[in-house]
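The next block holds one structure in the form of structure tokens; read it before the comments.
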Amino acid sequence: MTTVEITHEERAELAKALLSALDPLAVAVRTRATGLPEERIWHANPAEVALSVLSAWKLVDAEVKRLTAIAAATAGSYGASYEQLGAAWGITRQGARKKWPEAVSRPAARPGSLELFGGTAELTSDGTEGGWRWTATGADGERGGSTAGHPTREEAAAHAGAFLAGHA
């Protein structure tokens, strides 16, 4: 398995960006939890304040897991194997299969079709630049599609995969 490492500087920049992104969410969570105006939400028992921040991190963790599943499913839709997914994540093939059980899709019934998260999507091209479009039906029955063309099949598939994940 390949392990991806980041430098100390990259880790510091990542932490800075994550904390910056977390701040508005933590404020919203704390405001809802306390019912206090924003200028007073942090004036409380330090444990309560820390628990509010922890709650916000849990929400971020859930979103990262959702986005990770979409990335794994997108890779699987392009032919990546569980062995490759595992190597990218630093786990075994079996671990990847357990983590993302639907990531490696069966061969599509037709070229340009995706089957992900219990839904299906069709990718079509009109042969021009920016001509890739998608239409999809999620597992929940919701239908969607691209309103504008995408420059590549991969980009259209990524958008379709995100739609299907959101309607699993």
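Going by the structure tokens order, chains are called A, B, ..., each with residues numbered from 1, while ligands are numbered from 1 in the order shown.
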
Enumerate, in order of chain and increasing residue number, the residues of stretch 11-77 of chain A with an atom no farther than 12 Å from stretch 148-165 of chain A, each with its shortest atom pair and distance in Å to one decimal, counting only C-alpha atoms, as JSON lines.
{"residue": "A:Glu63", "atom": "CA", "partner": "A:Ala165", "partner_atom": "CA", "distance": 11.8}
{"residue": "A:Lys65", "atom": "CA", "partner": "A:Ala165", "partner_atom": "CA", "distance": 11.6}
{"residue": "A:Arg66", "atom": "CA", "partner": "A:Ala165", "partner_atom": "CA", "distance": 8.0}
{"residue": "A:Leu67", "atom": "CA", "partner": "A:Ala162", "partner_atom": "CA", "distance": 8.3}
{"residue": "A:Thr68", "atom": "CA", "partner": "A:Ala165", "partner_atom": "CA", "distance": 10.8}
{"residue": "A:Ala69", "atom": "CA", "partner": "A:Ala165", "partner_atom": "CA", "distance": 8.2}
{"residue": "A:Ile70", "atom": "CA", "partner": "A:Ala162", "partner_atom": "CA", "distance": 6.2}
{"residue": "A:Ala71", "atom": "CA", "partner": "A:Ala158", "partner_atom": "CA", "distance": 8.2}
{"residue": "A:Ala72", "atom": "CA", "partner": "A:Gly161", "partner_atom": "CA", "distance": 10.1}
{"residue": "A:Ala73", "atom": "CA", "partner": "A:Gly161", "partner_atom": "CA", "distance": 7.4}
{"residue": "A:Thr74", "atom": "CA", "partner": "A:Ala158", "partner_atom": "CA", "distance": 6.2}
{"residue": "A:Ala75", "atom": "CA", "partner": "A:Ala158", "partner_atom": "CA", "distance": 9.3}
{"residue": "A:Gly76", "atom": "CA", "partner": "A:Gly161", "partner_atom": "CA", "distance": 10.8}
{"residue": "A:Ser77", "atom": "CA", "partner": "A:Ala157", "partner_atom": "CA", "distance": 8.5}

Writer output for current selection, C-alpha atoms, as an mmCIF file, in the first residue's frame:
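Written output follows (part-v3.cif):
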data_model
loop_
_atom_site.group_PDB
_atom_site.id
_atom_site.type_symbol
_atom_site.label_atom_id
_atom_site.label_comp_id
_atom_site.auth_asym_id
_atom_site.auth_seq_id
_atom_site.Cartn_x
_atom_site.Cartn_y
_atom_site.Cartn_z
ATOM 1 C CA GLU A 63 -19.279 15.710 5.021
ATOM 2 C CA LYS A 65 -16.907 10.931 4.489
ATOM 3 C CA ARG A 66 -19.687 11.738 2.009
ATOM 4 C CA LEU A 67 -17.284 13.495 -0.360
ATOM 5 C CA THR A 68 -14.760 10.667 0.019
ATOM 6 C CA ALA A 69 -17.424 8.140 -0.987
ATOM 7 C CA ILE A 70 -18.214 10.238 -4.060
ATOM 8 C CA ALA A 71 -14.518 10.352 -5.015
ATOM 9 C CA ALA A 72 -14.200 6.579 -4.553
ATOM 10 C CA ALA A 73 -17.358 5.943 -6.598
ATOM 11 C CA THR A 74 -16.148 8.260 -9.350
ATOM 12 C CA ALA A 75 -12.817 6.432 -9.507
ATOM 13 C CA GLY A 76 -14.675 3.107 -9.519
ATOM 14 C CA SER A 77 -16.938 4.264 -12.333
#

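Using only C-alpha atoms, the residues found no farther than 10 Å from A:Trp57, other than those of its own chain fewer than 2 positions away, are Leu18, Leu19, Leu22, Leu25, Ala26, Leu51, Ser52, Val53, Leu54, Ser55, Leu59, Val60, Asp61, Ala62 and Glu63 of chain A.
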
Could you write out the selected residues, including N, CA and C atoms, as a compact mmCIF listing (two decimals), in the first residue's frame?
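And here is the file that came out, part38.txt:
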# COMPACT_ATOMS: atom_id res chain seq x y z
N LEU A 18 -8.79 24.53 7.36
CA LEU A 18 -9.91 23.82 7.99
C LEU A 18 -10.51 24.63 9.13
N LEU A 19 -9.66 25.23 9.95
CA LEU A 19 -10.17 26.06 11.04
C LEU A 19 -10.94 27.25 10.51
N LEU A 22 -14.24 25.96 9.41
CA LEU A 22 -15.05 25.49 10.53
C LEU A 22 -15.71 26.64 11.29
N LEU A 25 -19.41 27.49 10.68
CA LEU A 25 -20.25 26.36 11.08
C LEU A 25 -20.33 26.26 12.59
N ALA A 26 -19.21 26.43 13.27
CA ALA A 26 -19.20 26.38 14.74
C ALA A 26 -20.06 27.49 15.33
N LEU A 51 -17.39 21.56 23.52
CA LEU A 51 -18.30 20.55 22.98
C LEU A 51 -19.05 21.07 21.75
N SER A 52 -19.35 22.35 21.72
CA SER A 52 -19.97 22.93 20.52
C SER A 52 -19.03 22.83 19.33
N VAL A 53 -17.76 23.14 19.57
CA VAL A 53 -16.77 23.03 18.49
C VAL A 53 -16.63 21.57 18.06
N LEU A 54 -16.62 20.66 19.02
CA LEU A 54 -16.55 19.23 18.69
C LEU A 54 -17.74 18.81 17.83
N SER A 55 -18.92 19.31 18.15
CA SER A 55 -20.11 19.01 17.36
C SER A 55 -19.95 19.50 15.92
N LEU A 59 -19.83 17.31 12.18
CA LEU A 59 -20.52 17.63 10.93
C LEU A 59 -19.54 17.67 9.76
N VAL A 60 -18.37 18.25 9.99
CA VAL A 60 -17.33 18.28 8.95
C VAL A 60 -16.88 16.86 8.62
N ASP A 61 -16.70 16.03 9.64
CA ASP A 61 -16.29 14.64 9.44
C ASP A 61 -17.30 13.90 8.57
N ALA A 62 -18.58 14.09 8.84
CA ALA A 62 -19.62 13.42 8.05
C ALA A 62 -19.57 13.90 6.60
N GLU A 63 -19.34 15.19 6.39
CA GLU A 63 -19.28 15.71 5.02
C GLU A 63 -18.04 15.19 4.30

If you run DSSP on this backbone, which residues of stretch 24-147 of chain A come out as helix (DSSP H, G or I), and could you give them as a PyMOL selection string?
chain A and resi 24-34+38-40+46-77+82-89+93-99

To test your reading of the structure, identify every residue in chain A that backbone DSSP assigns to strand (DSSP E), and report it as a VMD selection string.
chain A and resid 113 to 116 119 to 125 132 to 137 143 to 145

Go ahead and write the selection's residues with N, CA and C atoms as a JSON list (two decimals), in the first residue's frame.
[["chain", "number", "residue", "atom", "x", "y", "z"],
["A", 113, "SER", "N", -22.93, 5.22, -19.41],
["A", 113, "SER", "CA", -23.88, 5.13, -18.30],
["A", 113, "SER", "C", -23.14, 4.83, -17.01],
["A", 114, "LEU", "N", -23.69, 5.34, -15.91],
["A", 114, "LEU", "CA", -23.13, 5.10, -14.58],
["A", 114, "LEU", "C", -24.21, 4.50, -13.70],
["A", 115, "GLU", "N", -23.82, 3.59, -12.86],
["A", 115, "GLU", "CA", -24.71, 3.05, -11.84],
["A", 115, "GLU", "C", -24.01, 3.23, -10.51],
["A", 116, "LEU", "N", -24.48, 4.21, -9.72],
["A", 116, "LEU", "CA", -23.86, 4.54, -8.44],
["A", 116, "LEU", "C", -24.92, 4.82, -7.41],
["A", 119, "GLY", "N", -28.63, 4.58, -8.09],
["A", 119, "GLY", "CA", -29.23, 5.35, -9.17],
["A", 119, "GLY", "C", -28.45, 5.16, -10.46],
["A", 120, "THR", "N", -28.95, 5.78, -11.52],
["A", 120, "THR", "CA", -28.29, 5.67, -12.83],
["A", 120, "THR", "C", -28.15, 7.04, -13.46],
["A", 121, "ALA", "N", -27.12, 7.18, -14.29],
["A", 121, "ALA", "CA", -26.91, 8.42, -15.03],
["A", 121, "ALA", "C", -26.44, 8.08, -16.43],
["A", 122, "GLU", "N", -26.82, 8.91, -17.36],
["A", 122, "GLU", "CA", -26.39, 8.77, -18.75],
["A", 122, "GLU", "C", -25.54, 9.98, -19.11],
["A", 123, "LEU", "N", -24.39, 9.73, -19.74],
["A", 123, "LEU", "CA", -23.50, 10.79, -20.20],
["A", 123, "LEU", "C", -23.59, 10.84, -21.72],
["A", 124, "THR", "N", -23.76, 12.02, -22.27],
["A", 124, "THR", "CA", -23.86, 12.15, -23.71],
["A", 124, "THR", "C", -22.98, 13.30, -24.18],
["A", 125, "SER", "N", -22.52, 13.18, -25.40],
["A", 125, "SER", "CA", -21.70, 14.23, -26.01],
["A", 125, "SER", "C", -22.28, 14.58, -27.36],
["A", 132, "TRP", "N", -20.36, 17.75, -23.18],
["A", 132, "TRP", "CA", -20.75, 16.61, -22.36],
["A", 132, "TRP", "C", -21.86, 17.03, -21.38],
["A", 133, "ARG", "N", -22.92, 16.25, -21.36],
["A", 133, "ARG", "CA", -24.05, 16.49, -20.48],
["A", 133, "ARG", "C", -24.41, 15.19, -19.77],
["A", 134, "TRP", "N", -25.17, 15.33, -18.70],
["A", 134, "TRP", "CA", -25.63, 14.15, -17.97],
["A", 134, "TRP", "C", -27.09, 14.31, -17.59],
["A", 135, "THR", "N", -27.77, 13.18, -17.52],
["A", 135, "THR", "CA", -29.11, 13.09, -16.96],
["A", 135, "THR", "C", -29.08, 11.92, -16.00],
["A", 136, "ALA", "N", -29.82, 12.04, -14.90],
["A", 136, "ALA", "CA", -29.73, 10.99, -13.89],
["A", 136, "ALA", "C", -31.05, 10.83, -13.16],
["A", 137, "THR", "N", -31.22, 9.64, -12.63],
["A", 137, "THR", "CA", -32.32, 9.34, -11.72],
["A", 137, "THR", "C", -31.71, 8.73, -10.47],
["A", 143, "ARG", "N", -35.03, 13.17, -10.35],
["A", 143, "ARG", "CA", -34.37, 13.29, -11.64],
["A", 143, "ARG", "C", -33.59, 14.59, -11.70],
["A", 144, "GLY", "N", -32.47, 14.56, -12.39],
["A", 144, "GLY", "CA", -31.66, 15.76, -12.54],
["A", 144, "GLY", "C", -30.82, 15.67, -13.79],
["A", 145, "GLY", "N", -30.15, 16.76, -14.10],
["A", 145, "GLY", "CA", -29.29, 16.78, -15.27],
["A", 145, "GLY", "C", -28.50, 18.06, -15.32]]
